[in-house]
Amino acid sequence: MTASVPALDIRNLRVEYPLPDSDSFVAVKDLSLHIAPGEIHALVGESGAGKSTVGNAIMGLLDRPGRIAAGSISVAGKAVDITTGRAQGIRQGRDIGAIFQDPMTSLNPLFTVESQLSETLRFHLGLDRGKARARALELLRAVEIPDPERRLKHFPHQLSGGQRQRVVIAAALSCDPDLLVADEPTTALDVSVQATILELLRKLASERKLGVLLVTHNMGVVAQIADTVTIMQNGEMVESGPTREVLSQPRAPYARALIGAVPRMDRRLPRFPVPGDHDQAESEAQTKVLGDAKRDTGPAGTDDLLRVEDLSVVYGAGRLFGRGEPFKALDGASFSVRRGEIFGIVGESGSGKSTLAGCIAGLIKPTKGSMAFDGQSLGERRSKAMHRAVQMIFQDPYSSLNTRMRVGPAIQEPIDFFGLADRGRSATEDAKLLLQAVGLPVDAASRFPHAFSGGQRQRVSIARALASRPQLLICDEPTSALDVSVQARVLNLLKDLRDRTGLTILFISHDLSVVRQMCDRVAVMKNGRIVELGDAEALFDAPQDAYTRELISLIPTLDHLAAPAA
Amino acid sequence: MVGILISRLIQAITVMLTVTAIAFLMFRFVGDPVQLMSREDASVEEKEELRARLGLDQPVYVQYARFIGRVVQGDLGMSFRNQREVATLIAEKAPATLELVLIATTLSLLIGIPLGVYSALHPNGVLSRAIQGVSLVGISVPTFVTGILLILVFAVSFRLLPSFGRGQTVDLGWWTTGFLTWSGIKALILPGITLALYSLTLIMRLVRSEMIDILSTDYIRFARARGLPERYIIFRLALRNALLPVITVTGLQVGSLIAFAIVTETVFQWPGLGLLFMQAVIFVDIPVMTSYLLLVGLVFVTINTIVDLLYVVVDPRLRARAA
Amino acid sequence: MKTGTIRRKRLPMPPYVMAAALVGLAIILAAILSPLISPVDPTDNASFNLIDAELPPSWLEGGDPRYLLGTDNQGRDLLSAILYGARISILIGAGAVLLAATIGVSLGLLAGYLGGWVDALVMRIADVFLSLPTILLALLVAGIARAVIPDADSVFWAPIILIAAIGINEWVQYARTVRAATMVEASRDYVRAVRIMGLPMPSILFRHILPNVIGPILVISTINLAAAVLTEATLSFLGVGMPPDYPSLGTLIRIGNEYAFSGIWWITVFPAVTLVSLVLATNITGDWLRDRFNPKLRGSK
């Protein structure tokens with residue numbers, strides 16, 4: 001292998017999915033890519049951009065009836081036969097290694113780590129059992145798994161998510177391929193694990209002269225480890241070049257908008273820069289339908305709307321045949337949320353932030369501790385007024401709406417239930433105004449949820465939550481499932497709603513940069529405890545707690561590359 | 001492992017207690033046992049004495065406890081109809097049914113699994129479609145119609161095989177078997193096929209759908225991406241996962257097979273437990289009915305407890321939880 | 001994969017499913033309309049005569065043009081008997097499905113939504129029922145009914161006993177399916193949203209969750225109708241079903257089976273063909289519906 005032969009060379013690739021009516025859906029159009037040995041090339045884009053399709057096409061794993069219609073692919077100088085519409089002639093596993101998004105499902109649960117590593121070695125390299133085992137051990141060392149001898153005998157469920165992804169990487173690299181296709185390799189992982197996996201990929205690429213095609217939606221990850229980057233939109237390349245150049249001075253308008261929508265870690269902007277941001281009708285509807293709520297909630301100020309004291313949730317304590325220790329999902333959390341502020345709660349998975357939200361919303365019964373809302377105790381049994389005052393929006397836009405219920409009736413339900421229609425408007429009109437207030441057309445009311453995109457669904461959820469005119473809106477990872485440009489718009493909407501209606505927002509997220517952009521005050525959680533709480537600006541600029549500092553330092557950002565914001 | 005064993009045993013005992021409770025309620029309250037067990041011309045004193053001897057004057061829970069006590073000792077009462085010990089009757093008839101069920105289970109596993117795998121691998125092939133079609137017919141034809149058709153064709157028209165009975169059997173003292181004589185084996189063929197057909201279809205369809213599901217999982221995609229040979233992926237990686245639910249269903253099926261044997265045995269006049277039970281139902285012979293219920297419950301619970309434990313051995317995820 | 005952007009083509013109904021659905025509908029329609037369309041009323045003793053007993057189908061030697069499919073052992077017109085018998089079989093099957101669905105859906109919704117001890121109780125009961133095969137349980141119920149009700153064989157009691165005997169086992173399948181689906185739905189955010197709103201439980205269960213779990217219920221019901229008709233036929237064949245003077249398809253097959261060895265095949269074969277056609281048609285339609293509307297259900301029993 002010499003440096004002059006590219007690890008991957010794609011010219012004018014076109015991937016088509018034939019449609020029933022003799023037409024074709026073009027998933028990838030006229031794409032060219034070159035990856036040198038040792039180079040990490042990122043393929044970024046939002047959902048539907050065709051970036052995963054490129055990876056699958058190279059590996060000959062296109063979902064049927066997809067096929068390669070034109071172009072050429074060669075891996076390490078070896079041309080791949082695409083005449084059948086499939087990539088043939090390369091040896092998957094030997095010339096190309098692949099890793100997928102979810103390390104939980106990439107390994108067969110019934111076989112040991114050793115068996116899954118050595119099967120590839122035995123087939124491709126013809127090693128016997130003993131040699132395969134030695135090589136498997138070597139691979140586990142290369143991916144820096146602690147205690148590799150013991151890990152060989154383990155089953156996938158005995159490993160953590162990060163360890164599994166390391167095993168997956170080891171399996172992908174077992175025959176020394178020239179190219180590694182990594183499809184969203186860290187998306188399912190926590191920030192701290194993500195950082196170590198990225199570091200490992202970087203190191204393996206350099207040491208082994210391995211070309212890496214990194215498919216991702218995360219600009220921060222790109223900025224962190226990619227040498228070169230290609231931005232895709234609707235199956236076409238929009239911009240391509242060295243990472244630093246593309247991310248700091250994007251030329252194409254789409255690339256500029258995309259990069260502008262990425263939340264920054266280094267400082268807070270008043271709004272996300274989004275093209276066509278201001279909508280007159282939207283803001284008028286917000287004032288009209290929700291403005292009177294501002295009077296109800298009283299002035300924004302320093303008094304506490306919600307007070308949480310020593311709240312704990314313990315699972316598995318009262319079990320008769322209790323196996324193992326009881327698990328403390330939430331461990332003595334105390335804080336208060338001021339009227340009219342956006343209060344952020346950040347933490348990695350398992351930190352207890354969603355449990356906390358569930359308690360406040362009344363979905364989870366706390367084991368210990370107390371909550372007070374506007375001076376009144378917030379227990380398990382709640383008055384109708386209390387149900388009205390606290391509402392919530394959720395992470396998954398696909399599960400947060402009843403698919404069998406039209407959008408209009410879904411928003412009307414709380415209006416009718418709480419008897420709010422007697423303010424001079426019918427419930428139907430009210431629902432339509434709410435739709436306008438969240439930036440949706442009024443005719444959305446007559447449609448079913450499946451007619452909407454993820455971002456639109458999230459707006460419907462917001463309208464439904466606002467229909468009862470709540471004082472507190474709990475947002476549990478409201479934009480984690482959305483593309484970055486859609487996220488920017490939804491976050492701007494939430495900010496507007498707070499400013500125009502005096503809504504108090506409890507904002508829960510794992511994404512520190514989003515929290516920095518959104519929140520006035522922030523609590524950082526770890527293992528069910530609040531480790532640090534303070535004003536957002538102060539906390540991000542000068543974190544006091546060691547864990548907070550570590551968390552902030554691990555976030556992959558493109559701040560160091562980005563041009564000063566417009 | 002001990003934890004799982006204990007919890008499975010508790011589960012099994014709960015189910016058995018419930019089944020015994022149903023059996024006891026039937027025994028005690030369906031009709032008056034004294035009336036049913038005493039002679040036509042028995043005097044009031046004689047009936048009272050019998051009542052006391054049977055313990056029927058005791059509180060219900062005491063009666064239930066005694067009932068369980070008797071059942072555990074193997075005392076299942078007397079058959080109303082032919083005045084014999086039910087336990088003896090069952091011991092006499094059990095071998096016939098068990099041999100039939102054994103044949104049927106073997107047939108359905110040996111044929112069902114390969115057919116299921118094949119039709120999962122070639123979902124659009126001509127042969128798979130044919131298999132699918134035949135399997136639909138298979139679950140739509142009731143067991144007794146299958147039996148009648150087989151008799152009409154092979155026994156009445158061609159006179160190849162016997163249409164009823166077990167043929168010659170060999171008495172081993174505690175067991176009578178039809179496996180050791182030619183006529184016994186010939187007699188097993190038609191009832192065996194009849195009984196196997198339904199569970200064969202079920203297993204085939206299950207294997208097929210499991211295989212299709214598993215072949216689309218990420219770890220199979222990952223195995224393909226590593227370039228492992230297709231044969232290895234299918235027979236070593238995927239089939240192992242696909243067979244897990246088959247174990248469960250086979251366990252569940254053995255209970256139904258014993259019950260389905262009622263129909264097969266009636267059609268073929270096979271002298272087994274099913275025929276015994278059927279006659280008990282027709283003649284309202286409560287002790288035989290309750291005993292049969294207890295027996296099927298016991299077989300079902302035992303086999304499924306074993307299957308659950310087997311699962312723990314096969315599936316490392318459960319093994320870890322058990323450790 | 002980004003294939004989500006491609007609309008999957010809606011599967012058209014393949015011809016064989018169409019044919020099956022038509023055959024099924026034809027049999028059901030003919031059965032329901034049997035009092036109007038069948039040549040005679042086979043339950044009326046005046047309509048048949050022992051002199052006409054055991055006549056072969058009309059196109060065979062010795063056949064009588066009055067009796068298209070021949071007559072049974074008592075001289076009843078077989079075609080009429082089959083039409084009336086199919087009606088009885090279908091009504092009993094539908095009754096059993098309705099009973100099972102009502103019990104199963106209610107318990108499944110409650111168990112899935114409430115969880116905890118309600119769930120544990122319902123599922124343990126379901127386990128016990130599951131450990132007793134349908135046929136056995138149905139026979140037990142029929143057996144007990146015979147002991148308790150003196151005229152269990154009567155035309156009034158027999159259908160009720162059959163519906164109870166079949167329905168009492170089949171509810172488990174509904175309960176388990178609905179419970180599992182309800183648990184999935186209950187953990188979805190739209191249900192959490194209405195819980196936060198404080199909506200009362202009946203509204204949550206029936207207005208929000210039920211519409212989302214009803215699809216599988218309808219599909220199961222189609223397949224279960226076939227199973228219930230089969231069970232009824234089996235019970236009647238075994239002699240604990242409909243009495244011979246109001247025969248269902250199973251009763252007819254049982255009567256015919258006694259004559260089959262002497263070459264009088266039509267009494268058993270025609271009812272059997274009707275039964276199998278009906279069940280096969282329902283199964284094919286049900287299978288297609290299942291794959292069409294909910295591929296996830298595939299493989300579940």
# chains A, B, ... in the order shown; residues from 1 in each chain; ligands from 1
$ residues_around --residues "stretch 183-200 of chain B" --least-positions-apart "3" --cutoff "8 Å" --atoms "only C-alpha atoms" --output "ChimeraX atom specification"
/B:100-101,103-105,107-109,111-112,138-139,143,146-147,150-151,161-169,177-180,203-204,253,257,260-261,264-265,268
$ select_by_dssp --residues "stretch 28-233 of chain C" --states "helix (DSSP H, G or I)" --output "ChimeraX atom specification"
/C:28-32,34-37,45-47,50-52,78-114,116-131,134-148,157-186,189-197,201-233
$ closest_atom_pairs --of "chain C" --to "chain B" --cutoff "7 Å" --atoms "only C-alpha atoms" --output "CSV"
residue,atom,partner,partner_atom,distance
C:Val128,CA,B:Val15,CA,5.8
C:Ser131,CA,B:Phe300,CA,6.3
C:Leu132,CA,B:Gly297,CA,6.7
C:Pro133,CA,B:Ser256,CA,5.0
C:Ile135,CA,B:Ala259,CA,6.5
C:Leu136,CA,B:Ala259,CA,5.7
C:Gly143,CA,B:Val281,CA,5.0
C:Ile144,CA,B:Val30,CA,6.6
C:Ala147,CA,B:Val284,CA,6.1
C:Val148,CA,B:Val30,CA,6.3
C:Leu230,CA,B:Pro142,CA,6.2
C:Phe261,CA,B:Val156,CA,6.8
C:Ala272,CA,B:Val145,CA,6.8
C:Val276,CA,B:Val141,CA,5.6
C:Val279,CA,B:Ser140,CA,5.5
C:Leu280,CA,B:Ser140,CA,5.0
C:Arg298,CA,B:Ser209,CA,6.6
C:Gly299,CA,B:Leu206,CA,5.3
$ write_last_selection --atoms "C-alpha atoms" --output "PDB file, in the first residue's frame"
ATOM      1  CA  VAL C 128     -53.430 -21.095  33.842  1.00  0.00           C
ATOM      2  CA  SER C 131     -51.682 -24.235  30.183  1.00  0.00           C
ATOM      3  CA  LEU C 132     -55.026 -25.853  29.380  1.00  0.00           C
ATOM      4  CA  PRO C 133     -55.416 -26.394  25.648  1.00  0.00           C
ATOM      5  CA  ILE C 135     -60.071 -28.351  23.214  1.00  0.00           C
ATOM      6  CA  LEU C 136     -59.502 -29.736  26.690  1.00  0.00           C
ATOM      7  CA  GLY C 143     -68.648 -31.890  30.515  1.00  0.00           C
ATOM      8  CA  ILE C 144     -69.448 -29.838  33.587  1.00  0.00           C
ATOM      9  CA  ALA C 147     -73.477 -32.617  34.768  1.00  0.00           C
ATOM     10  CA  VAL C 148     -75.103 -29.400  35.986  1.00  0.00           C
ATOM     11  CA  LEU C 230     -63.002 -25.326  13.953  1.00  0.00           C
ATOM     12  CA  PHE C 261     -66.991 -47.139   5.709  1.00  0.00           C
ATOM     13  CA  ALA C 272     -66.343 -31.333   5.570  1.00  0.00           C
ATOM     14  CA  VAL C 276     -62.706 -26.527   5.288  1.00  0.00           C
ATOM     15  CA  VAL C 279     -62.072 -21.910   7.486  1.00  0.00           C
ATOM     16  CA  LEU C 280     -59.467 -21.781   4.728  1.00  0.00           C
ATOM     17  CA  ARG C 298     -46.395 -12.157  12.162  1.00  0.00           C
ATOM     18  CA  GLY C 299     -45.192 -15.125  14.098  1.00  0.00           C
TER      19      GLY C 299
END
$ select_by_dssp --residues "stretch 100-321 of chain A" --states "strand (DSSP E)" --output "number ranges by chain"
A: 179-183, 211-216, 228-233, 236-242, 304-315
$ interface_residues --of "chain B" --to "chain A" --cutoff "12 Å" --atoms "only C-alpha atoms" --output "PyMOL selection string"
chain B and resi 2-4+6-7+214-233+236-244+311-323
$ atom_distance --atom1 "atom CA of C:Leu225" --atom2 "atom CA of C:Leu25"
13.2 Å
$ interface_residues --of "chain C" --to "chain A" --cutoff "6 Å" --atoms "only C-alpha atoms" --output "count of residues only"
6
$ residues_around --residues "A:Gly350" --least-positions-apart "3" --cutoff "9 Å" --atoms "only C-alpha atoms" --output "list in words"
Ala329, Gly347, Lys353, Ser354, Lys526, Asn527 and Gly528 of chain A
$ write_last_selection --atoms "N, CA and C atoms" --output "PDB file, in the first residue's frame"
ATOM      1  N   ALA A 329     -32.467   6.396  41.265  1.00  0.00           N
ATOM      2  CA  ALA A 329     -32.532   7.131  40.007  1.00  0.00           C
ATOM      3  C   ALA A 329     -32.389   8.619  40.263  1.00  0.00           C
ATOM      4  N   GLY A 347     -27.220  16.584  31.783  1.00  0.00           N
ATOM      5  CA  GLY A 347     -26.569  15.402  32.334  1.00  0.00           C
ATOM      6  C   GLY A 347     -26.526  14.331  31.263  1.00  0.00           C
ATOM      7  N   LYS A 353     -32.088  13.015  35.013  1.00  0.00           N
ATOM      8  CA  LYS A 353     -32.777  14.242  34.610  1.00  0.00           C
ATOM      9  C   LYS A 353     -34.205  13.971  34.120  1.00  0.00           C
ATOM     10  N   SER A 354     -34.406  12.863  33.424  1.00  0.00           N
ATOM     11  CA  SER A 354     -35.763  12.565  32.969  1.00  0.00           C
ATOM     12  C   SER A 354     -36.656  12.093  34.118  1.00  0.00           C
ATOM     13  N   LYS A 526     -25.486  14.327  37.851  1.00  0.00           N
ATOM     14  CA  LYS A 526     -24.708  13.116  37.632  1.00  0.00           C
ATOM     15  C   LYS A 526     -25.172  12.073  38.646  1.00  0.00           C
ATOM     16  N   ASN A 527     -25.443  10.866  38.181  1.00  0.00           N
ATOM     17  CA  ASN A 527     -25.879   9.770  39.047  1.00  0.00           C
ATOM     18  C   ASN A 527     -26.987  10.165  40.016  1.00  0.00           C
ATOM     19  N   GLY A 528     -27.972  10.895  39.521  1.00  0.00           N
ATOM     20  CA  GLY A 528     -29.124  11.232  40.342  1.00  0.00           C
ATOM     21  C   GLY A 528     -28.934  12.441  41.246  1.00  0.00           C
TER      22      GLY A 528
END
$ residues_around --residues "A:Thr243" --least-positions-apart "6" --cutoff "6 Å" --atoms "only C-alpha atoms" --output "list of chain:residue names"
A:Asp227, A:Thr228, A:Val229
$ residues_around --residues "A:Phe452" --least-positions-apart "4" --cutoff "12 Å" --atoms "only C-alpha atoms" --output "list in words"
Pro397, Tyr398, Leu401, Thr403, Arg406, Val407, Leu440, Pro441, Ala444, Ala445, Ser446, Arg447, Phe448, Gln456, Arg457, Gln458, Arg459, Val460 and Ser461 of chain A
$ write_last_selection --atoms "all heavy atoms" --output "short mmCIF file (atom, residue, chain, number, x, y, z; two decimals), in the first residue's frame"
data_model
loop_
_atom_site.label_atom_id
_atom_site.label_comp_id
_atom_site.auth_asym_id
_atom_site.auth_seq_id
_atom_site.Cartn_x
_atom_site.Cartn_y
_atom_site.Cartn_z
N PRO A 397 -40.73 12.95 18.54
CA PRO A 397 -41.90 13.55 17.90
C PRO A 397 -42.85 12.51 17.33
O PRO A 397 -44.01 12.80 17.06
CB PRO A 397 -41.29 14.41 16.78
CG PRO A 397 -39.95 13.86 16.55
CD PRO A 397 -39.48 13.27 17.85
N TYR A 398 -42.35 11.26 17.17
CA TYR A 398 -43.21 10.24 16.58
C TYR A 398 -44.08 9.56 17.61
O TYR A 398 -45.06 8.91 17.27
CB TYR A 398 -42.38 9.23 15.79
CG TYR A 398 -41.80 9.90 14.58
CD1 TYR A 398 -40.56 10.54 14.66
CD2 TYR A 398 -42.52 10.00 13.40
CE1 TYR A 398 -40.06 11.23 13.58
CE2 TYR A 398 -42.02 10.69 12.33
CZ TYR A 398 -40.79 11.30 12.42
OH TYR A 398 -40.31 12.00 11.34
N LEU A 401 -47.56 12.20 19.62
CA LEU A 401 -48.92 12.48 19.15
C LEU A 401 -49.66 11.18 18.91
O LEU A 401 -49.07 10.20 18.45
CB LEU A 401 -48.86 13.29 17.84
CG LEU A 401 -48.22 14.67 17.94
CD1 LEU A 401 -48.11 15.29 16.56
CD2 LEU A 401 -49.01 15.57 18.86
N THR A 403 -51.53 8.83 16.88
CA THR A 403 -51.62 8.73 15.42
C THR A 403 -53.05 8.58 14.93
O THR A 403 -53.31 8.75 13.75
CB THR A 403 -50.81 7.52 14.92
OG1 THR A 403 -51.19 6.39 15.69
CG2 THR A 403 -49.33 7.76 15.05
N ARG A 406 -56.83 13.38 14.83
CA ARG A 406 -56.43 14.55 14.05
C ARG A 406 -55.83 15.60 14.97
O ARG A 406 -56.13 15.66 16.16
CB ARG A 406 -57.63 15.12 13.32
CG ARG A 406 -58.05 14.30 12.14
CD ARG A 406 -59.35 14.84 11.56
NE ARG A 406 -60.10 13.78 10.92
CZ ARG A 406 -59.90 13.38 9.66
NH1 ARG A 406 -59.01 14.01 8.92
NH2 ARG A 406 -60.57 12.38 9.14
N VAL A 407 -55.00 16.44 14.36
CA VAL A 407 -54.28 17.43 15.15
C VAL A 407 -55.22 18.41 15.85
O VAL A 407 -55.05 18.74 17.03
CB VAL A 407 -53.29 18.17 14.21
CG1 VAL A 407 -52.86 19.48 14.81
CG2 VAL A 407 -52.09 17.28 13.93
N LEU A 440 -47.60 26.95 12.41
CA LEU A 440 -48.16 25.98 11.50
C LEU A 440 -49.38 26.60 10.81
O LEU A 440 -50.05 27.46 11.38
CB LEU A 440 -48.60 24.72 12.25
CG LEU A 440 -47.49 23.84 12.80
CD1 LEU A 440 -48.06 22.74 13.67
CD2 LEU A 440 -46.68 23.22 11.67
N PRO A 441 -49.68 26.16 9.59
CA PRO A 441 -50.88 26.68 8.92
C PRO A 441 -52.15 26.19 9.62
O PRO A 441 -52.14 25.12 10.22
CB PRO A 441 -50.78 26.09 7.50
CG PRO A 441 -49.90 24.90 7.64
CD PRO A 441 -48.95 25.21 8.75
N ALA A 444 -53.73 22.71 9.20
CA ALA A 444 -53.09 21.55 9.84
C ALA A 444 -54.07 20.83 10.76
O ALA A 444 -53.96 19.63 10.98
CB ALA A 444 -51.87 22.00 10.63
N ALA A 445 -55.06 21.57 11.27
CA ALA A 445 -55.98 21.01 12.26
C ALA A 445 -56.71 19.78 11.74
O ALA A 445 -57.04 18.88 12.51
CB ALA A 445 -56.99 22.07 12.68
N SER A 446 -56.95 19.73 10.44
CA SER A 446 -57.77 18.63 9.93
C SER A 446 -56.93 17.44 9.51
O SER A 446 -57.44 16.48 8.96
CB SER A 446 -58.61 19.12 8.76
OG SER A 446 -57.74 19.61 7.76
N ARG A 447 -55.61 17.50 9.75
CA ARG A 447 -54.77 16.39 9.30
C ARG A 447 -54.35 15.48 10.45
O ARG A 447 -54.35 15.88 11.60
CB ARG A 447 -53.53 16.92 8.59
CG ARG A 447 -53.88 17.42 7.20
CD ARG A 447 -52.64 17.76 6.44
NE ARG A 447 -52.72 19.14 5.97
CZ ARG A 447 -51.68 19.94 5.89
NH1 ARG A 447 -50.48 19.53 6.26
NH2 ARG A 447 -51.84 21.16 5.44
N PHE A 448 -53.96 14.25 10.07
CA PHE A 448 -53.45 13.30 11.06
C PHE A 448 -51.94 13.52 11.23
O PHE A 448 -51.28 14.02 10.31
CB PHE A 448 -53.72 11.87 10.61
CG PHE A 448 -55.14 11.44 10.82
CD1 PHE A 448 -56.04 11.39 9.77
CD2 PHE A 448 -55.58 11.10 12.09
CE1 PHE A 448 -57.35 11.00 9.98
CE2 PHE A 448 -56.88 10.71 12.31
CZ PHE A 448 -57.77 10.66 11.25
N GLN A 456 -42.41 19.61 12.60
CA GLN A 456 -43.80 20.06 12.66
C GLN A 456 -44.56 19.37 13.78
O GLN A 456 -45.36 19.98 14.48
CB GLN A 456 -44.48 19.79 11.32
CG GLN A 456 -43.99 20.71 10.21
CD GLN A 456 -44.52 20.29 8.86
OE1 GLN A 456 -44.62 19.09 8.57
NE2 GLN A 456 -44.86 21.25 8.03
N ARG A 457 -44.27 18.09 13.96
CA ARG A 457 -44.93 17.37 15.04
C ARG A 457 -44.58 17.97 16.39
O ARG A 457 -45.41 18.09 17.28
CB ARG A 457 -44.49 15.90 15.06
CG ARG A 457 -45.11 15.09 13.99
CD ARG A 457 -44.43 13.74 13.98
NE ARG A 457 -44.79 13.01 12.80
CZ ARG A 457 -45.32 11.78 12.82
NH1 ARG A 457 -45.50 11.18 13.96
NH2 ARG A 457 -45.63 11.19 11.72
N GLN A 458 -43.30 18.34 16.51
CA GLN A 458 -42.88 18.93 17.77
C GLN A 458 -43.63 20.24 18.00
O GLN A 458 -44.01 20.57 19.12
CB GLN A 458 -41.36 19.12 17.73
CG GLN A 458 -40.59 18.80 18.98
CD GLN A 458 -40.91 17.50 19.69
OE1 GLN A 458 -41.96 16.89 19.54
NE2 GLN A 458 -39.99 17.07 20.52
N ARG A 459 -43.89 20.99 16.93
CA ARG A 459 -44.67 22.22 17.07
C ARG A 459 -46.11 21.91 17.50
O ARG A 459 -46.68 22.61 18.33
CB ARG A 459 -44.70 22.97 15.74
CG ARG A 459 -43.38 23.65 15.42
CD ARG A 459 -43.36 24.19 14.00
NE ARG A 459 -42.00 24.59 13.66
CZ ARG A 459 -41.56 25.85 13.77
NH1 ARG A 459 -42.36 26.80 14.18
NH2 ARG A 459 -40.30 26.14 13.48
N VAL A 460 -46.67 20.83 16.92
CA VAL A 460 -48.03 20.44 17.34
C VAL A 460 -48.04 20.11 18.83
O VAL A 460 -48.92 20.53 19.57
CB VAL A 460 -48.53 19.23 16.52
CG1 VAL A 460 -49.87 18.74 17.05
CG2 VAL A 460 -48.66 19.59 15.05
N SER A 461 -47.01 19.37 19.27
CA SER A 461 -46.93 19.03 20.69
C SER A 461 -46.89 20.28 21.55
O SER A 461 -47.50 20.34 22.62
CB SER A 461 -45.66 18.23 20.98
OG SER A 461 -45.72 17.01 20.34
#
$ residues_around --residues "A:Glu282" --least-positions-apart "6" --cutoff "6 Å" --atoms "only C-alpha atoms" --output "PyMOL selection string"
chain A and resi 436-437+439
$ write_last_selection --atoms "N, CA, C and O atoms" --output "PDB file, in the first residue's frame"
ATOM      1  N   GLN A 436     -51.335  28.501  14.666  1.00  0.00           N
ATOM      2  CA  GLN A 436     -50.646  29.657  14.077  1.00  0.00           C
ATOM      3  C   GLN A 436     -49.520  30.141  14.983  1.00  0.00           C
ATOM      4  O   GLN A 436     -48.444  30.511  14.524  1.00  0.00           O
ATOM      5  N   ALA A 437     -49.811  30.098  16.272  1.00  0.00           N
ATOM      6  CA  ALA A 437     -48.826  30.609  17.230  1.00  0.00           C
ATOM      7  C   ALA A 437     -47.540  29.783  17.227  1.00  0.00           C
ATOM      8  O   ALA A 437     -46.472  30.281  17.579  1.00  0.00           O
ATOM      9  N   GLY A 439     -46.435  28.458  14.475  1.00  0.00           N
ATOM     10  CA  GLY A 439     -45.892  28.539  13.129  1.00  0.00           C
ATOM     11  C   GLY A 439     -46.387  27.476  12.178  1.00  0.00           C
ATOM     12  O   GLY A 439     -45.689  27.120  11.239  1.00  0.00           O
TER      13      GLY A 439
END
$ closest_residue --among "A:Leu137, A:Leu473, A:Leu433, A:Ile345" --to "A:Leu497" --atoms "only C-alpha atoms"
A:Leu473
$ decode --residues "stretch 269-277 of chain B" --atoms "N, CA, C and O atoms" --output "short mmCIF file (atom, residue, chain, number, x, y, z; two decimals), in the first residue's frame"
data_model
loop_
_atom_site.label_atom_id
_atom_site.label_comp_id
_atom_site.auth_asym_id
_atom_site.auth_seq_id
_atom_site.Cartn_x
_atom_site.Cartn_y
_atom_site.Cartn_z
N GLN B 269 -59.96 -44.59 17.21
CA GLN B 269 -60.25 -45.52 18.31
C GLN B 269 -58.96 -46.02 18.96
O GLN B 269 -58.75 -47.20 19.17
N TRP B 270 -58.07 -45.08 19.22
CA TRP B 270 -56.75 -45.38 19.79
C TRP B 270 -56.91 -45.50 21.30
O TRP B 270 -57.37 -44.56 21.95
N PRO B 271 -56.56 -46.62 21.88
CA PRO B 271 -56.91 -46.84 23.30
C PRO B 271 -56.00 -46.08 24.25
O PRO B 271 -55.26 -46.66 25.03
N GLY B 272 -56.06 -44.75 24.21
CA GLY B 272 -55.19 -43.95 25.07
C GLY B 272 -55.99 -43.11 26.05
O GLY B 272 -57.19 -43.32 26.25
N LEU B 273 -55.31 -42.12 26.63
CA LEU B 273 -55.92 -41.26 27.64
C LEU B 273 -57.04 -40.41 27.05
O LEU B 273 -58.04 -40.15 27.70
N GLY B 274 -56.84 -39.98 25.81
CA GLY B 274 -57.83 -39.10 25.19
C GLY B 274 -59.17 -39.79 25.06
O GLY B 274 -60.21 -39.22 25.39
N LEU B 275 -59.11 -41.02 24.62
CA LEU B 275 -60.36 -41.78 24.46
C LEU B 275 -61.01 -41.98 25.82
O LEU B 275 -62.23 -41.83 25.98
N LEU B 276 -60.18 -42.29 26.80
CA LEU B 276 -60.67 -42.47 28.17
C LEU B 276 -61.39 -41.21 28.63
O LEU B 276 -62.51 -41.24 29.15
N PHE B 277 -60.75 -40.05 28.38
CA PHE B 277 -61.32 -38.77 28.81
C PHE B 277 -62.61 -38.49 28.06
O PHE B 277 -63.61 -38.07 28.64
#
